[in-house]
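Visitor: Submitted below is the structure of interest, expressed as structure tokens.
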Amino acid sequence: MLETENYWAPRTCLKLPIPEYETAAEMLSEAADAILTEDFDLAGELVRRADMDVLFKHSHTIQWKLDPHILRKRLMKEPVAKLAKVSSRMPCTELIQSIFARDGWRCRFCGCRVVLAESRKIMSKALPGAIPWNMKKIDYSHGAFFAMSASLDHVVPHSAGGTNEEDNLVTACHPCQFGRGAFLLEEVGLIDPRTRPPVRDGWDGLGRLLRKVRAPVANQESVGPASPKRAGLSMAEWCASLDAMYPASSGRLIQLLDGCADLNVSRQVGEVLLIVRLKIGEVGLGILGVRSNGLVEIPWHIAGQKDAFKCFAEAIADAIPEASVYETPKHWVVSKADKQLLNILDFLEAADTLRPALKLLRSALLADRKG
């Protein structure tokens, strides 16, 4: 059944990357450049466009071993000798970075470009709410960053006695590393990646973001690897920051939201963002996020409820002059011309439409639950 003519043939990786990897890499590269020039609106738009559901699904099937055609584990005729496990699991940070650089910040198995975790964190701070990330609930994570996260892989696994010598270490994307797991190359039919030279083409894993950049908030702080973790704003601080940009707007917004509390609408302030949520049963949607500088993201996060959210997005857009709705792989997004974010005054234009739009959304969610 599984033993087709080429099924057991040696291969370079568990599953070849799809073209969307390169498309997303280019978007993230442009977003990094936009952050460095403080064009945060453009950067946010590019990052959201790179959040492709097809990338998440592709990498998820590899990483979580959902398809036996991907992890083709062999029953070895003779046991493969395994060395005693060495005590040190991971090398130092400096060596890891040197391996990434040596390998051109590309996976040595599938060849896809990888992104440093530190760069993702900097982008997330600079673009609040634009990069969903939760490795405990991975379906809440950004498609491109999930698929392209840089990882250090032991060619001979640590559990089989693999050492931290440079020759035993290669750069891998998360799916290739965790898809293979602790299996030896021979057990899953992979060609030793060290037999192919690394590709170095100028890609830097977005490491250029490791310099200090600034986030688009009223009391801007330096964002970089050494930046201290900021405490979240209080509601009073968030309101004061918003009102400094758009006088009296916070009071109008809070009054509007309080008028929808009976529909299970709640709000919470994070570092710089007021998140407005709607909850139906176990489903919670971040229907919008309002930054302390007045920019509004619709939606902020909708927990995979894309189809149900469309009616809400269209109703809000219809009530705001020059607003429109456009589709992404995961969302229906409300924006102005050229996909620019709304500001709080734009959103308040839709005040009379919010309750009816929320009722439409609730009905759509309830229908999905019954279906």
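For the structure tokens, the naming scheme is as follows: chains receive sequential letters (A, B, ...) according to their order of presentation, residues are indexed from 1 within each chain, and ligands are indexed from 1 in presentation order.
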Residues of region 173-359 of chain A classed as alpha helix (DSSP H) by DSSP on the backbone are to be reported as a ChimeraX atom specification.
Guide: /A:174-180,185-188,235-245,249-258,306-318,344-348,351-359
Visitor: Write the residues of the selection above to a file with C-alpha atoms, as a PDB file, in the first residue's frame.
Guide:
```pdb
ATOM      1  CA  HIS A 174      11.164  23.845  12.985  1.00  0.00           C
ATOM      2  CA  PRO A 175       9.114  21.433  10.823  1.00  0.00           C
ATOM      3  CA  CYS A 176      12.201  19.613   9.510  1.00  0.00           C
ATOM      4  CA  GLN A 177      13.774  19.357  12.957  1.00  0.00           C
ATOM      5  CA  PHE A 178      10.744  18.360  14.960  1.00  0.00           C
ATOM      6  CA  GLY A 179       9.298  16.255  12.155  1.00  0.00           C
ATOM      7  CA  ARG A 180      12.368  14.014  12.213  1.00  0.00           C
ATOM      8  CA  LEU A 185      18.772   9.853   9.126  1.00  0.00           C
ATOM      9  CA  GLU A 186      18.884   6.208   8.085  1.00  0.00           C
ATOM     10  CA  GLU A 187      15.664   5.424   9.922  1.00  0.00           C
ATOM     11  CA  VAL A 188      13.616   7.974   7.946  1.00  0.00           C
ATOM     12  CA  MET A 235      -6.698  51.559  31.524  1.00  0.00           C
ATOM     13  CA  ALA A 236      -6.150  55.143  32.731  1.00  0.00           C
ATOM     14  CA  GLU A 237      -2.729  55.327  31.048  1.00  0.00           C
ATOM     15  CA  TRP A 238      -4.095  53.908  27.813  1.00  0.00           C
ATOM     16  CA  CYS A 239      -6.991  56.386  27.811  1.00  0.00           C
ATOM     17  CA  ALA A 240      -4.633  59.299  28.494  1.00  0.00           C
ATOM     18  CA  SER A 241      -2.356  58.242  25.644  1.00  0.00           C
ATOM     19  CA  LEU A 242      -5.261  57.877  23.223  1.00  0.00           C
ATOM     20  CA  ASP A 243      -6.834  61.190  24.263  1.00  0.00           C
ATOM     21  CA  ALA A 244      -3.523  62.956  23.732  1.00  0.00           C
ATOM     22  CA  MET A 245      -3.787  61.979  20.080  1.00  0.00           C
ATOM     23  CA  SER A 249     -12.113  59.660  22.050  1.00  0.00           C
ATOM     24  CA  SER A 250     -11.445  57.135  24.836  1.00  0.00           C
ATOM     25  CA  GLY A 251     -14.612  58.081  26.701  1.00  0.00           C
ATOM     26  CA  ARG A 252     -16.723  57.717  23.560  1.00  0.00           C
ATOM     27  CA  LEU A 253     -15.191  54.313  22.843  1.00  0.00           C
ATOM     28  CA  ILE A 254     -15.627  52.980  26.392  1.00  0.00           C
ATOM     29  CA  GLN A 255     -19.245  54.153  26.456  1.00  0.00           C
ATOM     30  CA  LEU A 256     -19.855  52.434  23.129  1.00  0.00           C
ATOM     31  CA  LEU A 257     -18.320  49.159  24.344  1.00  0.00           C
ATOM     32  CA  ASP A 258     -20.130  49.262  27.689  1.00  0.00           C
ATOM     33  CA  LYS A 306     -12.967  33.702   9.259  1.00  0.00           C
ATOM     34  CA  ASP A 307     -16.253  32.894   7.514  1.00  0.00           C
ATOM     35  CA  ALA A 308     -18.380  34.014  10.441  1.00  0.00           C
ATOM     36  CA  PHE A 309     -16.450  37.258  10.797  1.00  0.00           C
ATOM     37  CA  LYS A 310     -17.120  38.403   7.234  1.00  0.00           C
ATOM     38  CA  CYS A 311     -20.597  39.772   8.013  1.00  0.00           C
ATOM     39  CA  PHE A 312     -19.249  41.866  10.912  1.00  0.00           C
ATOM     40  CA  ALA A 313     -16.392  43.270   8.833  1.00  0.00           C
ATOM     41  CA  GLU A 314     -18.679  44.208   5.959  1.00  0.00           C
ATOM     42  CA  ALA A 315     -21.192  45.911   8.255  1.00  0.00           C
ATOM     43  CA  ILE A 316     -18.501  48.031   9.939  1.00  0.00           C
ATOM     44  CA  ALA A 317     -16.879  48.944   6.615  1.00  0.00           C
ATOM     45  CA  ASP A 318     -20.220  50.017   5.153  1.00  0.00           C
ATOM     46  CA  ILE A 344     -10.267  55.676  16.336  1.00  0.00           C
ATOM     47  CA  LEU A 345     -12.303  58.496  14.782  1.00  0.00           C
ATOM     48  CA  ASP A 346     -12.941  56.324  11.734  1.00  0.00           C
ATOM     49  CA  PHE A 347     -14.198  53.540  13.965  1.00  0.00           C
ATOM     50  CA  LEU A 348     -16.415  55.842  16.005  1.00  0.00           C
ATOM     51  CA  ALA A 351     -20.941  53.629  16.494  1.00  0.00           C
ATOM     52  CA  ASP A 352     -24.581  53.137  15.516  1.00  0.00           C
ATOM     53  CA  THR A 353     -23.678  50.019  13.527  1.00  0.00           C
ATOM     54  CA  LEU A 354     -21.657  48.209  16.194  1.00  0.00           C
ATOM     55  CA  ARG A 355     -24.535  46.505  18.043  1.00  0.00           C
ATOM     56  CA  PRO A 356     -26.309  45.300  14.866  1.00  0.00           C
ATOM     57  CA  ALA A 357     -22.969  44.081  13.479  1.00  0.00           C
ATOM     58  CA  LEU A 358     -22.205  42.202  16.708  1.00  0.00           C
ATOM     59  CA  LYS A 359     -25.626  40.558  16.582  1.00  0.00           C
TER      60      LYS A 359
END
```
Visitor: Give me the residues near Thr23 (chain A) as a PyMOL selection string, where near means some atom within 12 Å (using only C-alpha atoms) and where sequence neighbours in that chain fewer than 6 positions away do not count.
Guide: chain A and resi 17+29-30+46-47+49-52+54-55+112-113+144+148
Visitor: Only C-alpha atoms, please: the residues just picked out, written as a CSV table (one decimal), in the first residue's frame.
Guide:
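Now in again17.csv:
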```csv
chain,number,residue,atom,x,y,z
A,17,PRO,CA,8.6,23.4,0.7
A,29,SER,CA,12.1,40.9,4.6
A,30,GLU,CA,10.2,44.0,3.3
A,46,LEU,CA,3.2,42.9,5.1
A,47,VAL,CA,3.4,40.8,8.2
A,49,ARG,CA,-0.2,39.2,4.5
A,50,ALA,CA,2.5,36.7,5.3
A,51,ASP,CA,0.3,35.0,7.8
A,52,MET,CA,-0.7,32.3,5.3
A,54,VAL,CA,-1.4,27.2,3.7
A,55,LEU,CA,2.0,27.6,5.3
A,112,CYS,CA,13.7,27.2,3.0
A,113,ARG,CA,14.8,30.5,4.6
A,144,ALA,CA,5.0,32.1,8.1
A,148,MET,CA,10.2,29.4,9.1
```
Visitor: Using only C-alpha atoms, can you tell me which of A:Pro329, A:Val115, A:Leu14, A:Val156 comes closest to Lys57 (chain A)?
Guide: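 Closest to Lys57 (chain A) of all the choices is A:Pro329.
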Visitor: Nearest to Gly284 (chain A) among A:Met90, A:Leu341, A:Leu365, A:Cys110, with distances taken over only C-alpha atoms: which residue is it?
Guide: A:Leu365
Visitor: DSSP says strand (DSSP E) for which residues of region 82-302 of chain A? Put them as a PDB file with N, CA and C atoms, in the first residue's frame?
Guide:
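Saved the output as part.pdb:
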```pdb
ATOM      1  N   ALA A 150      13.812  29.442  12.895  1.00  0.00           N
ATOM      2  CA  ALA A 150      15.153  28.857  12.852  1.00  0.00           C
ATOM      3  C   ALA A 150      15.376  27.928  14.042  1.00  0.00           C
ATOM      4  N   SER A 151      16.028  26.817  13.776  1.00  0.00           N
ATOM      5  CA  SER A 151      16.320  25.854  14.828  1.00  0.00           C
ATOM      6  C   SER A 151      17.682  25.218  14.559  1.00  0.00           C
ATOM      7  N   LEU A 152      18.324  24.788  15.604  1.00  0.00           N
ATOM      8  CA  LEU A 152      19.609  24.092  15.461  1.00  0.00           C
ATOM      9  C   LEU A 152      19.361  22.597  15.564  1.00  0.00           C
ATOM     10  N   ASP A 153      19.826  21.843  14.581  1.00  0.00           N
ATOM     11  CA  ASP A 153      19.571  20.407  14.563  1.00  0.00           C
ATOM     12  C   ASP A 153      20.874  19.629  14.675  1.00  0.00           C
ATOM     13  N   HIS A 154      20.839  18.562  15.461  1.00  0.00           N
ATOM     14  CA  HIS A 154      21.962  17.625  15.537  1.00  0.00           C
ATOM     15  C   HIS A 154      21.765  16.574  14.443  1.00  0.00           C
ATOM     16  N   LEU A 169      26.296  19.782  13.639  1.00  0.00           N
ATOM     17  CA  LEU A 169      25.229  20.761  13.792  1.00  0.00           C
ATOM     18  C   LEU A 169      24.883  21.397  12.455  1.00  0.00           C
ATOM     19  N   VAL A 170      23.593  21.530  12.181  1.00  0.00           N
ATOM     20  CA  VAL A 170      23.129  22.211  10.969  1.00  0.00           C
ATOM     21  C   VAL A 170      21.917  23.069  11.321  1.00  0.00           C
ATOM     22  N   THR A 171      21.675  24.060  10.476  1.00  0.00           N
ATOM     23  CA  THR A 171      20.472  24.885  10.601  1.00  0.00           C
ATOM     24  C   THR A 171      19.278  24.111  10.047  1.00  0.00           C
ATOM     25  N   ALA A 172      18.153  24.214  10.737  1.00  0.00           N
ATOM     26  CA  ALA A 172      16.927  23.566  10.262  1.00  0.00           C
ATOM     27  C   ALA A 172      15.743  24.480  10.552  1.00  0.00           C
ATOM     28  N   CYS A 173      14.684  24.323   9.774  1.00  0.00           N
ATOM     29  CA  CYS A 173      13.416  24.959  10.137  1.00  0.00           C
ATOM     30  C   CYS A 173      12.757  24.074  11.194  1.00  0.00           C
ATOM     31  N   VAL A 213      15.413  49.201  17.343  1.00  0.00           N
ATOM     32  CA  VAL A 213      14.391  49.851  16.557  1.00  0.00           C
ATOM     33  C   VAL A 213      13.383  50.443  17.519  1.00  0.00           C
ATOM     34  N   ARG A 214      12.494  51.258  16.979  1.00  0.00           N
ATOM     35  CA  ARG A 214      11.520  51.913  17.841  1.00  0.00           C
ATOM     36  C   ARG A 214      10.115  51.510  17.446  1.00  0.00           C
ATOM     37  N   SER A 222      13.018  51.980  23.131  1.00  0.00           N
ATOM     38  CA  SER A 222      13.875  51.201  22.252  1.00  0.00           C
ATOM     39  C   SER A 222      13.471  49.748  22.333  1.00  0.00           C
ATOM     40  N   VAL A 223      13.436  49.091  21.182  1.00  0.00           N
ATOM     41  CA  VAL A 223      13.101  47.681  21.122  1.00  0.00           C
ATOM     42  C   VAL A 223      14.319  46.941  20.609  1.00  0.00           C
ATOM     43  N   VAL A 265     -19.388  41.215  25.246  1.00  0.00           N
ATOM     44  CA  VAL A 265     -18.242  41.973  24.767  1.00  0.00           C
ATOM     45  C   VAL A 265     -17.434  42.433  25.978  1.00  0.00           C
ATOM     46  N   SER A 266     -16.137  42.196  25.961  1.00  0.00           N
ATOM     47  CA  SER A 266     -15.260  42.614  27.054  1.00  0.00           C
ATOM     48  C   SER A 266     -14.050  43.318  26.473  1.00  0.00           C
ATOM     49  N   ARG A 267     -13.261  43.942  27.322  1.00  0.00           N
ATOM     50  CA  ARG A 267     -12.065  44.653  26.874  1.00  0.00           C
ATOM     51  C   ARG A 267     -10.937  44.451  27.872  1.00  0.00           C
ATOM     52  N   GLN A 268      -9.719  44.533  27.379  1.00  0.00           N
ATOM     53  CA  GLN A 268      -8.539  44.377  28.234  1.00  0.00           C
ATOM     54  C   GLN A 268      -7.386  45.135  27.615  1.00  0.00           C
ATOM     55  N   VAL A 269      -6.626  45.864  28.437  1.00  0.00           N
ATOM     56  CA  VAL A 269      -5.467  46.613  27.964  1.00  0.00           C
ATOM     57  C   VAL A 269      -4.210  45.766  28.143  1.00  0.00           C
ATOM     58  N   LEU A 273      -2.091  48.118  23.707  1.00  0.00           N
ATOM     59  CA  LEU A 273      -3.247  47.804  22.880  1.00  0.00           C
ATOM     60  C   LEU A 273      -4.455  47.503  23.756  1.00  0.00           C
ATOM     61  N   LEU A 274      -5.585  48.102  23.440  1.00  0.00           N
ATOM     62  CA  LEU A 274      -6.857  47.711  24.036  1.00  0.00           C
ATOM     63  C   LEU A 274      -7.468  46.653  23.132  1.00  0.00           C
ATOM     64  N   ILE A 275      -7.678  45.464  23.665  1.00  0.00           N
ATOM     65  CA  ILE A 275      -8.242  44.365  22.893  1.00  0.00           C
ATOM     66  C   ILE A 275      -9.714  44.226  23.261  1.00  0.00           C
ATOM     67  N   VAL A 276     -10.579  44.257  22.267  1.00  0.00           N
ATOM     68  CA  VAL A 276     -12.023  44.109  22.467  1.00  0.00           C
ATOM     69  C   VAL A 276     -12.409  42.705  22.011  1.00  0.00           C
ATOM     70  N   ARG A 277     -13.006  41.949  22.924  1.00  0.00           N
ATOM     71  CA  ARG A 277     -13.315  40.557  22.638  1.00  0.00           C
ATOM     72  C   ARG A 277     -14.817  40.300  22.677  1.00  0.00           C
ATOM     73  N   LEU A 278     -15.225  39.327  21.873  1.00  0.00           N
ATOM     74  CA  LEU A 278     -16.588  38.807  21.895  1.00  0.00           C
ATOM     75  C   LEU A 278     -16.473  37.308  22.152  1.00  0.00           C
ATOM     76  N   LYS A 279     -17.242  36.796  23.121  1.00  0.00           N
ATOM     77  CA  LYS A 279     -17.150  35.376  23.447  1.00  0.00           C
ATOM     78  C   LYS A 279     -18.504  34.705  23.282  1.00  0.00           C
ATOM     79  N   ILE A 280     -18.489  33.576  22.561  1.00  0.00           N
ATOM     80  CA  ILE A 280     -19.674  32.740  22.386  1.00  0.00           C
ATOM     81  C   ILE A 280     -19.289  31.332  22.820  1.00  0.00           C
ATOM     82  N   VAL A 283     -15.698  29.914  22.273  1.00  0.00           N
ATOM     83  CA  VAL A 283     -15.041  30.666  21.209  1.00  0.00           C
ATOM     84  C   VAL A 283     -14.895  32.123  21.618  1.00  0.00           C
ATOM     85  N   GLY A 284     -13.672  32.622  21.647  1.00  0.00           N
ATOM     86  CA  GLY A 284     -13.427  34.027  21.950  1.00  0.00           C
ATOM     87  C   GLY A 284     -12.741  34.699  20.782  1.00  0.00           C
ATOM     88  N   LEU A 285     -13.309  35.796  20.311  1.00  0.00           N
ATOM     89  CA  LEU A 285     -12.748  36.510  19.165  1.00  0.00           C
ATOM     90  C   LEU A 285     -12.243  37.870  19.607  1.00  0.00           C
ATOM     91  N   GLY A 286     -11.026  38.211  19.182  1.00  0.00           N
ATOM     92  CA  GLY A 286     -10.529  39.565  19.369  1.00  0.00           C
ATOM     93  C   GLY A 286     -11.000  40.400  18.195  1.00  0.00           C
ATOM     94  N   ILE A 287     -12.214  40.936  18.290  1.00  0.00           N
ATOM     95  CA  ILE A 287     -12.832  41.545  17.110  1.00  0.00           C
ATOM     96  C   ILE A 287     -12.102  42.807  16.665  1.00  0.00           C
ATOM     97  N   LEU A 288     -11.442  43.481  17.604  1.00  0.00           N
ATOM     98  CA  LEU A 288     -10.630  44.629  17.205  1.00  0.00           C
ATOM     99  C   LEU A 288      -9.607  44.931  18.286  1.00  0.00           C
ATOM    100  N   GLY A 289      -8.550  45.602  17.873  1.00  0.00           N
ATOM    101  CA  GLY A 289      -7.539  46.079  18.798  1.00  0.00           C
ATOM    102  C   GLY A 289      -7.303  47.557  18.539  1.00  0.00           C
ATOM    103  N   VAL A 290      -7.263  48.342  19.587  1.00  0.00           N
ATOM    104  CA  VAL A 290      -7.064  49.785  19.455  1.00  0.00           C
ATOM    105  C   VAL A 290      -5.738  50.149  20.117  1.00  0.00           C
ATOM    106  N   ARG A 291      -4.793  50.592  19.318  1.00  0.00           N
ATOM    107  CA  ARG A 291      -3.498  50.992  19.862  1.00  0.00           C
ATOM    108  C   ARG A 291      -3.625  52.308  20.626  1.00  0.00           C
ATOM    109  N   LEU A 295      -4.609  53.940  16.303  1.00  0.00           N
ATOM    110  CA  LEU A 295      -4.834  53.062  15.159  1.00  0.00           C
ATOM    111  C   LEU A 295      -5.654  51.846  15.583  1.00  0.00           C
ATOM    112  N   VAL A 296      -6.528  51.410  14.681  1.00  0.00           N
ATOM    113  CA  VAL A 296      -7.473  50.330  14.994  1.00  0.00           C
ATOM    114  C   VAL A 296      -7.259  49.172  14.025  1.00  0.00           C
ATOM    115  N   GLU A 297      -7.108  47.967  14.577  1.00  0.00           N
ATOM    116  CA  GLU A 297      -6.975  46.756  13.771  1.00  0.00           C
ATOM    117  C   GLU A 297      -8.268  45.960  13.865  1.00  0.00           C
TER     118      GLU A 297
END
```
Visitor: Tell me which of A:Thr61, A:His158, A:Gly205, A:Glu22 sits closest to Gln97 (chain A), counting only C-alpha atoms.
Guide: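 Selected residue with least distance to Gln97 (chain A): A:Gly205.
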Visitor: Which residues come within 7 Å of region 91-96 of chain A, counting only C-alpha atoms, excluding same-chain residues fewer than 3 positions away, as a list in words?
Guide: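 That gives Ile99, Phe100, Leu152 and Asn164 of chain A.
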Visitor: Considering only C-alpha atoms, state which residue in the set A:Ile18, A:Ala319, A:Ala31, A:Val334 is at the smallest distance from Gly111 (chain A).
Guide: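 That would be A:Ile18, the residue with the smallest distance to Gly111 (chain A).
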Visitor: Can you list, as a tab-separated table (two decimals) with C-alpha atoms, in the first residue's frame, every protein, DNA or RNA residue that comes within 9 Å of Leu184 (chain A) when you count only C-alpha atoms, leaving out same-chain residues fewer than 6 positions away?
Guide:
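Result saved to out-v6.tsv:
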```
chain	number	residue	atom	x	y	z
A	80	VAL	CA	21.93	1.08	14.14
A	155	VAL	CA	22.60	15.46	12.45
A	156	VAL	CA	23.26	12.55	14.80
A	157	PRO	CA	20.56	13.18	17.42
A	160	ALA	CA	21.79	8.78	19.99
A	190	LEU	CA	17.06	11.26	4.66
```
Visitor: One decimal, Å: what's the distance from CA of Cys13 (chain A) over to CA of Cys107 (chain A), could you say?
Guide: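 About the pair CA of Cys13 (chain A) and CA of Cys107 (chain A): they are 9.7 Å apart.
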Visitor: Would you mind reading off the distance between CA of Gly270 (chain A) and CA of Leu233 (chain A), one decimal, in Å?
Guide: 6.2 Å
Visitor: Hey, which of A:Trp8, A:Phe40, A:Trp300, A:Phe56 ends up closest to Ala130 (chain A)? Count only C-alpha atoms.
Guide: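 Distance minimum relative to Ala130 (chain A) lands on A:Trp300.
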Visitor: What lies within 6 Å of Ser335 (chain A) using only C-alpha atoms, ignoring chain neighbours under 2 positions off, as a tab-separated table (two decimals) with C-alpha atoms, in the first residue's frame?
Guide:
```
chain	number	residue	atom	x	y	z
A	323	ALA	CA	-13.44	52.01	4.33
A	324	SER	CA	-13.47	48.64	2.63
A	339	LYS	CA	-5.01	48.92	3.16
A	340	GLN	CA	-4.12	51.58	5.73
A	341	LEU	CA	-5.33	50.99	9.29
A	342	LEU	CA	-8.39	52.85	10.52
```
Visitor: From the set A:Leu71, A:Leu127, A:Ala147, A:Val199, which residue has the shortest atom-to-atom contact distance to Asp53 (chain A), counting only C-alpha atoms?
Guide: A:Ala147
Visitor: Interatomic distance between CA of His69 (chain A) and CA of Phe146 (chain A)?
Guide: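 Separating CA of His69 (chain A) from CA of Phe146 (chain A) is a distance of 21.6 Å.
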